[in-house]
file protein_20.cif (mmCIF, C-alpha atoms)
data_data
#
loop_
_atom_site.label_atom_id
_atom_site.label_comp_id
_atom_site.auth_asym_id
_atom_site.auth_seq_id
_atom_site.Cartn_x
_atom_site.Cartn_y
_atom_site.Cartn_z
CA MET K 1 -2.26 -2.82 -1.87
CA ALA K 2 -4.92 -1.17 -4.00
CA LEU K 3 -4.92 2.61 -4.37
CA PHE K 4 -8.69 2.81 -3.92
CA ASP K 5 -10.68 6.00 -3.33
CA GLY K 6 -14.02 4.35 -2.60
CA ARG K 7 -15.15 4.57 -6.21
CA ARG K 8 -12.28 3.28 -8.29
CA VAL K 9 -8.82 1.79 -8.16
CA HIS K 10 -6.11 4.16 -9.38
CA GLY K 11 -3.31 1.62 -9.17
CA SER K 12 -1.54 -0.57 -6.68
CA ILE K 13 1.58 -0.89 -4.58
CA ASN K 14 3.31 -4.24 -4.81
CA PHE K 15 5.94 -5.76 -2.55
CA ARG K 16 8.21 -8.70 -3.02
CA TRP K 17 10.04 -10.41 -0.22
CA ILE K 18 12.14 -13.48 0.35
CA ARG K 19 9.70 -16.07 1.61
CA THR K 20 12.38 -17.90 3.55
CA ALA K 21 13.15 -14.69 5.47
CA PHE K 22 9.57 -13.89 6.57
CA THR K 23 6.25 -15.66 6.55
CA VAL K 24 3.31 -13.76 5.07
CA GLU K 25 2.05 -13.15 8.59
CA ASP K 26 5.41 -11.81 9.82
CA PHE K 27 5.77 -9.57 6.78
CA ALA K 28 2.25 -8.20 7.24
CA ALA K 29 2.82 -7.61 10.96
CA ARG K 30 5.96 -5.62 10.16
CA HIS K 31 4.82 -3.67 7.09
CA LEU K 32 1.05 -3.69 6.52
CA ALA K 33 0.26 -0.54 8.52
CA ASP K 34 2.98 1.45 6.73
CA LEU K 35 1.78 0.14 3.37
CA GLN K 36 -1.80 1.15 4.16
CA ASP K 37 -0.63 4.63 5.27
CA ALA K 38 1.32 5.06 2.03
CA ALA K 39 -1.71 4.02 -0.03
CA ARG K 40 -3.93 6.55 1.80
CA GLU K 41 -1.37 9.29 1.27
CA ILE K 42 -1.05 8.56 -2.45
CA VAL K 43 -4.83 8.47 -2.98
CA GLY K 44 -5.21 11.66 -0.95
CA SER K 45 -2.65 13.42 -3.15
CA LEU K 46 -4.61 12.38 -6.24
CA GLN K 47 -7.76 13.94 -4.84
CA ARG K 48 -6.23 17.35 -3.96
CA PRO K 49 -6.21 20.09 -6.58
CA GLN K 50 -2.83 20.56 -8.23
CA GLY K 51 -0.70 23.23 -6.62
CA SER K 52 -2.04 22.50 -3.12
#
call {"tool": "encode", "arguments": {"input": "protein_20.cif", "output": "structure tokens"}}
result
Amino acid sequence: MALFDGRRVHGSINFRWIRTAFTVEDFAARHLADLQDAAREIVGSLQRPQGS
């Protein structure tokens, strides 16, 4: 998941899972929304002035 602010990529969040436990589709259905929320929160914290 890219940490993207609309202009540039600051980094990424990577996940590993046991493929025999979940298909890509099952893993995404379970975790994609949380991963996207985390990415938005991280990028938002990079855009706020320090001390806020």
call {"tool": "atom_distance", "arguments": {"input": "protein_20.cif", "atom1": "CA of Gly44 (chain K)", "atom2": "CA of Ala2 (chain K)"}}
result
13.2 Å
call {"tool": "atom_distance", "arguments": {"input": "protein_20.cif", "atom1": "CA of Ala38 (chain K)", "atom2": "CA of Trp17 (chain K)"}}
result
17.9 Å
call {"tool": "atom_distance", "arguments": {"input": "protein_20.cif", "atom1": "CA of Phe4 (chain K)", "atom2": "CA of Ile42 (chain K)"}}
result
9.7 Å
call {"tool": "axis_aligned_box", "arguments": {"input": "protein_20.cif", "around": "region 21-33 of chain K", "padding_each_side": "5 Å", "output": "AutoDock Vina command-line options"}}
result
--center_x 6.7 --center_y -8.1 --center_z 8.0 --size_x 22.9 --size_y 25.1 --size_z 15.9
call {"tool": "resolve_selection", "arguments": {"input": "protein_20.cif", "expression": "the PyMOL selection byres ((chain K and resi 14) around 10)", "output": "PyMOL selection string"}}
result
chain K and resi 1-2+11-13+15-16+35
call {"tool": "decode", "arguments": {"input": "protein_20.cif", "residues": "region 3-27 of chain K", "atoms": "N, CA, C and O atoms", "output": "PDB file, in the first residue's frame"}}
result
ATOM      1  N   LEU K   3       2.093   5.005   0.433  1.00  0.00           N
ATOM      2  CA  LEU K   3       1.803   6.167   1.277  1.00  0.00           C
ATOM      3  C   LEU K   3       1.914   7.384   0.363  1.00  0.00           C
ATOM      4  O   LEU K   3       2.954   8.017   0.260  1.00  0.00           O
ATOM      5  N   PHE K   4       0.821   7.681  -0.314  1.00  0.00           N
ATOM      6  CA  PHE K   4       0.787   8.642  -1.420  1.00  0.00           C
ATOM      7  C   PHE K   4      -0.055   9.838  -1.016  1.00  0.00           C
ATOM      8  O   PHE K   4      -1.173   9.688  -0.533  1.00  0.00           O
ATOM      9  N   ASP K   5       0.474  11.045  -1.215  1.00  0.00           N
ATOM     10  CA  ASP K   5      -0.259  12.254  -0.833  1.00  0.00           C
ATOM     11  C   ASP K   5      -0.858  12.997  -2.018  1.00  0.00           C
ATOM     12  O   ASP K   5      -1.310  14.124  -1.888  1.00  0.00           O
ATOM     13  N   GLY K   6      -0.870  12.370  -3.187  1.00  0.00           N
ATOM     14  CA  GLY K   6      -1.404  13.012  -4.372  1.00  0.00           C
ATOM     15  C   GLY K   6      -0.314  13.622  -5.235  1.00  0.00           C
ATOM     16  O   GLY K   6      -0.531  13.899  -6.410  1.00  0.00           O
ATOM     17  N   ARG K   7       0.848  13.828  -4.646  1.00  0.00           N
ATOM     18  CA  ARG K   7       1.982  14.382  -5.386  1.00  0.00           C
ATOM     19  C   ARG K   7       3.164  13.431  -5.407  1.00  0.00           C
ATOM     20  O   ARG K   7       3.863  13.323  -6.395  1.00  0.00           O
ATOM     21  N   ARG K   8       3.378  12.755  -4.281  1.00  0.00           N
ATOM     22  CA  ARG K   8       4.537  11.861  -4.217  1.00  0.00           C
ATOM     23  C   ARG K   8       4.270  10.706  -3.261  1.00  0.00           C
ATOM     24  O   ARG K   8       3.379  10.765  -2.423  1.00  0.00           O
ATOM     25  N   VAL K   9       5.077   9.681  -3.406  1.00  0.00           N
ATOM     26  CA  VAL K   9       5.001   8.516  -2.535  1.00  0.00           C
ATOM     27  C   VAL K   9       6.047   8.682  -1.442  1.00  0.00           C
ATOM     28  O   VAL K   9       7.226   8.892  -1.720  1.00  0.00           O
ATOM     29  N   HIS K  10       5.595   8.624  -0.200  1.00  0.00           N
ATOM     30  CA  HIS K  10       6.491   8.772   0.953  1.00  0.00           C
ATOM     31  C   HIS K  10       7.068   7.439   1.404  1.00  0.00           C
ATOM     32  O   HIS K  10       8.071   7.398   2.109  1.00  0.00           O
ATOM     33  N   GLY K  11       6.411   6.370   1.045  1.00  0.00           N
ATOM     34  CA  GLY K  11       6.834   5.042   1.459  1.00  0.00           C
ATOM     35  C   GLY K  11       5.742   4.045   1.130  1.00  0.00           C
ATOM     36  O   GLY K  11       4.878   4.307   0.300  1.00  0.00           O
ATOM     37  N   SER K  12       5.779   2.918   1.829  1.00  0.00           N
ATOM     38  CA  SER K  12       4.752   1.913   1.599  1.00  0.00           C
ATOM     39  C   SER K  12       4.584   1.051   2.843  1.00  0.00           C
ATOM     40  O   SER K  12       5.459   1.001   3.697  1.00  0.00           O
ATOM     41  N   ILE K  13       3.428   0.413   2.919  1.00  0.00           N
ATOM     42  CA  ILE K  13       3.158  -0.588   3.941  1.00  0.00           C
ATOM     43  C   ILE K  13       3.082  -1.918   3.210  1.00  0.00           C
ATOM     44  O   ILE K  13       2.371  -2.046   2.213  1.00  0.00           O
ATOM     45  N   ASN K  14       3.796  -2.889   3.707  1.00  0.00           N
ATOM     46  CA  ASN K  14       3.817  -4.203   3.067  1.00  0.00           C
ATOM     47  C   ASN K  14       3.289  -5.253   4.033  1.00  0.00           C
ATOM     48  O   ASN K  14       3.517  -5.167   5.237  1.00  0.00           O
ATOM     49  N   PHE K  15       2.597  -6.223   3.502  1.00  0.00           N
ATOM     50  CA  PHE K  15       2.056  -7.331   4.273  1.00  0.00           C
ATOM     51  C   PHE K  15       2.519  -8.629   3.664  1.00  0.00           C
ATOM     52  O   PHE K  15       2.637  -8.750   2.457  1.00  0.00           O
ATOM     53  N   ARG K  16       2.735  -9.593   4.521  1.00  0.00           N
ATOM     54  CA  ARG K  16       3.001 -10.955   4.065  1.00  0.00           C
ATOM     55  C   ARG K  16       1.976 -11.856   4.727  1.00  0.00           C
ATOM     56  O   ARG K  16       1.599 -11.628   5.867  1.00  0.00           O
ATOM     57  N   TRP K  17       1.531 -12.835   4.009  1.00  0.00           N
ATOM     58  CA  TRP K  17       0.597 -13.792   4.587  1.00  0.00           C
ATOM     59  C   TRP K  17       0.879 -15.163   4.013  1.00  0.00           C
ATOM     60  O   TRP K  17       1.544 -15.302   3.000  1.00  0.00           O
ATOM     61  N   ILE K  18       0.348 -16.147   4.694  1.00  0.00           N
ATOM     62  CA  ILE K  18       0.506 -17.533   4.248  1.00  0.00           C
ATOM     63  C   ILE K  18      -0.544 -17.789   3.173  1.00  0.00           C
ATOM     64  O   ILE K  18      -1.743 -17.744   3.446  1.00  0.00           O
ATOM     65  N   ARG K  19      -0.075 -17.985   1.984  1.00  0.00           N
ATOM     66  CA  ARG K  19      -0.977 -18.133   0.834  1.00  0.00           C
ATOM     67  C   ARG K  19      -1.938 -19.307   0.962  1.00  0.00           C
ATOM     68  O   ARG K  19      -3.046 -19.266   0.446  1.00  0.00           O
ATOM     69  N   THR K  20      -1.516 -20.339   1.672  1.00  0.00           N
ATOM     70  CA  THR K  20      -2.405 -21.487   1.841  1.00  0.00           C
ATOM     71  C   THR K  20      -3.503 -21.197   2.858  1.00  0.00           C
ATOM     72  O   THR K  20      -4.504 -21.910   2.909  1.00  0.00           O
ATOM     73  N   ALA K  21      -3.335 -20.146   3.669  1.00  0.00           N
ATOM     74  CA  ALA K  21      -4.341 -19.787   4.667  1.00  0.00           C
ATOM     75  C   ALA K  21      -5.439 -18.913   4.067  1.00  0.00           C
ATOM     76  O   ALA K  21      -6.607 -19.041   4.441  1.00  0.00           O
ATOM     77  N   PHE K  22      -5.058 -17.992   3.163  1.00  0.00           N
ATOM     78  CA  PHE K  22      -6.003 -17.059   2.555  1.00  0.00           C
ATOM     79  C   PHE K  22      -5.652 -16.858   1.096  1.00  0.00           C
ATOM     80  O   PHE K  22      -4.479 -16.739   0.753  1.00  0.00           O
ATOM     81  N   THR K  23      -6.654 -16.740   0.254  1.00  0.00           N
ATOM     82  CA  THR K  23      -6.400 -16.300  -1.115  1.00  0.00           C
ATOM     83  C   THR K  23      -6.176 -14.794  -1.080  1.00  0.00           C
ATOM     84  O   THR K  23      -6.475 -14.122  -0.073  1.00  0.00           O
ATOM     85  N   VAL K  24      -5.657 -14.247  -2.154  1.00  0.00           N
ATOM     86  CA  VAL K  24      -5.476 -12.797  -2.245  1.00  0.00           C
ATOM     87  C   VAL K  24      -6.811 -12.097  -2.032  1.00  0.00           C
ATOM     88  O   VAL K  24      -6.905 -11.102  -1.300  1.00  0.00           O
ATOM     89  N   GLU K  25      -7.845 -12.621  -2.633  1.00  0.00           N
ATOM     90  CA  GLU K  25      -9.169 -12.007  -2.518  1.00  0.00           C
ATOM     91  C   GLU K  25      -9.693 -12.044  -1.080  1.00  0.00           C
ATOM     92  O   GLU K  25     -10.252 -11.058  -0.594  1.00  0.00           O
ATOM     93  N   ASP K  26      -9.508 -13.173  -0.395  1.00  0.00           N
ATOM     94  CA  ASP K  26      -9.940 -13.275   1.002  1.00  0.00           C
ATOM     95  C   ASP K  26      -9.147 -12.331   1.894  1.00  0.00           C
ATOM     96  O   ASP K  26      -9.699 -11.668   2.772  1.00  0.00           O
ATOM     97  N   PHE K  27      -7.849 -12.280   1.669  1.00  0.00           N
ATOM     98  CA  PHE K  27      -6.998 -11.391   2.471  1.00  0.00           C
ATOM     99  C   PHE K  27      -7.409  -9.944   2.254  1.00  0.00           C
ATOM    100  O   PHE K  27      -7.544  -9.176   3.215  1.00  0.00           O
TER     101      PHE K  27
END
